[in-house]
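Notes to accompany the following structure.
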Amino acid sequence: MIKYHPSEQILQSYVQGELCASLSVAVSMHIDMCPQCQRLAHQIETSCAHSFIGENFEPQSEDNWDDLIAQITEDVLFDERPAPAPLEIEVKGEQFILPSSLHNIGLSGWLKLGKLSRSRLNLGDGKLHASLLHIEKGGSVPQHTHKGFELTLLLSGEFKDEMDSYVPGDFIMLDGEHEHSPVATESCLCFTLADDALHFSQGLSQLFNPIGKLIY
């Protein structure tokens, strides 16, 4: 079961179109995977719609509200188009189906570092680095903290760290107050977003701090 979710403030900003592209994509993917956040986002959308239309507008029931939305969207200007075919990628011989939010976003080639593989996503968010991170079963990221923030949305598989274990859909926000070493209990694919490099904090891994930006 999904245990980690965007804050209500992040969901509010998402519904109002106030998030940067990278974070908006992450929230969209999480909502697609999480019934709890689907309901909350719908409630926020309804509240925002009421505020936009005006405080004096009160539909008689939820059914009436749905009827109003149906009347708007049945306009002939809205074309019904078939859903796009699932987009599959292959990493280290494994096949993964990407969420629809990533279908039109360019991917770089895969940088492979042992059991880790990383592909950058072209979202044009300046210093924010959005990536797909693949970790083979048993692979790990050395003990590290964060110079800025790090968001990990688990898309497939499972991993654990010193704080918890994670399943697909978990939306994990960390910053410089957190230190951990993720280990893949199953081969996993993650969407990651960071605004600065990792800082490796133990043993020989500290030698890799000059290339910390390569992973996230």
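Labels used: A, B, ... for chains in the order of the structure tokens, numbers from 1 for residues in each chain, and numbers from 1 for ligands as shown.
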
Which residues are close to segment 32-40 of chain A, i.e. within 9 Å by only C-alpha atoms, leaving aside same-chain residues fewer than 3 positions away? Reply as a PyMOL selection string. chain A and resi 2+5-6+8+11+27-29+43-45+99+155+168-170

Using only C-alpha atoms, can you tell me which of A:Leu153, A:Met163, A:Leu107, A:Ile10 comes closest to Leu123 of chain A? A:Leu107

With a distance cut-off of 9 Å and only C-alpha atoms, select the neighbouring residues of Asp195 of chain A, excluding the residue or stretch itself and same-chain residues fewer than 2 positions from it, and output the selection as a PDB file with N, CA and C atoms, in the first residue's frame.
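Final output, out_18.pdb:
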ATOM      1  N   LYS A 127      18.048  24.286 -13.241  1.00  0.00           N
ATOM      2  CA  LYS A 127      18.951  23.486 -12.398  1.00  0.00           C
ATOM      3  C   LYS A 127      18.276  22.244 -11.824  1.00  0.00           C
ATOM      4  N   LEU A 128      16.962  22.106 -12.001  1.00  0.00           N
ATOM      5  CA  LEU A 128      16.287  20.888 -11.554  1.00  0.00           C
ATOM      6  C   LEU A 128      16.619  19.739 -12.501  1.00  0.00           C
ATOM      7  N   HIS A 129      17.097  18.651 -11.958  1.00  0.00           N
ATOM      8  CA  HIS A 129      17.457  17.482 -12.754  1.00  0.00           C
ATOM      9  C   HIS A 129      16.400  16.410 -12.578  1.00  0.00           C
ATOM     10  N   ALA A 130      15.635  16.146 -13.636  1.00  0.00           N
ATOM     11  CA  ALA A 130      14.644  15.065 -13.632  1.00  0.00           C
ATOM     12  C   ALA A 130      15.239  13.873 -14.365  1.00  0.00           C
ATOM     13  N   LYS A 147      22.359  18.023  -0.801  1.00  0.00           N
ATOM     14  CA  LYS A 147      22.676  19.446  -0.712  1.00  0.00           C
ATOM     15  C   LYS A 147      21.426  20.300  -0.897  1.00  0.00           C
ATOM     16  N   GLY A 148      20.468  19.785  -1.670  1.00  0.00           N
ATOM     17  CA  GLY A 148      19.198  20.470  -1.863  1.00  0.00           C
ATOM     18  C   GLY A 148      18.074  19.526  -1.476  1.00  0.00           C
ATOM     19  N   PHE A 149      17.064  19.394  -2.344  1.00  0.00           N
ATOM     20  CA  PHE A 149      16.004  18.424  -2.085  1.00  0.00           C
ATOM     21  C   PHE A 149      16.103  17.294  -3.110  1.00  0.00           C
ATOM     22  N   GLU A 150      15.518  16.172  -2.741  1.00  0.00           N
ATOM     23  CA  GLU A 150      15.461  15.008  -3.623  1.00  0.00           C
ATOM     24  C   GLU A 150      14.061  14.419  -3.549  1.00  0.00           C
ATOM     25  N   LEU A 193      13.930  13.601  -8.926  1.00  0.00           N
ATOM     26  CA  LEU A 193      14.043  15.033  -9.167  1.00  0.00           C
ATOM     27  C   LEU A 193      14.903  15.626  -8.070  1.00  0.00           C
ATOM     28  N   ALA A 197      23.481  18.231  -6.095  1.00  0.00           N
ATOM     29  CA  ALA A 197      24.122  16.917  -6.079  1.00  0.00           C
ATOM     30  C   ALA A 197      23.867  16.174  -4.770  1.00  0.00           C
ATOM     31  N   TYR A 216      21.855  11.609  -9.613  1.00  0.00           N
ATOM     32  CA  TYR A 216      20.547  12.244  -9.539  1.00  0.00           C
ATOM     33  C   TYR A 216      20.556  13.546 -10.304  1.00  0.00           C
TER      34      TYR A 216
END

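Excluding Pro86 of chain A itself and same-chain residues fewer than 2 positions from it, the residues having an atom within 10 Å of it are Ala83, Pro84, Glu88, Ile89, Phe96, Ile97, Leu98, Pro99, Ser100 and His103 of chain A, counting only C-alpha atoms.
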
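Considering only C-alpha atoms, the residue among A:Ser51, A:Ser187, A:Gln12, A:Asn122 positioned nearest to Val167 of chain A is A:Ser187.
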
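Between atom CA of Leu189 of chain A and atom CA of Ile135 of chain A lies a distance of 6.6 Å.
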
If you count only C-alpha atoms, the residue of A:Ser131, A:His180, A:Glu136, A:Ser108 closest to Gly93 of chain A turns out to be A:Glu136

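From atom CA of Ala41 of chain A back to atom CA of Arg120 of chain A, the distance works out to 28.1 Å.
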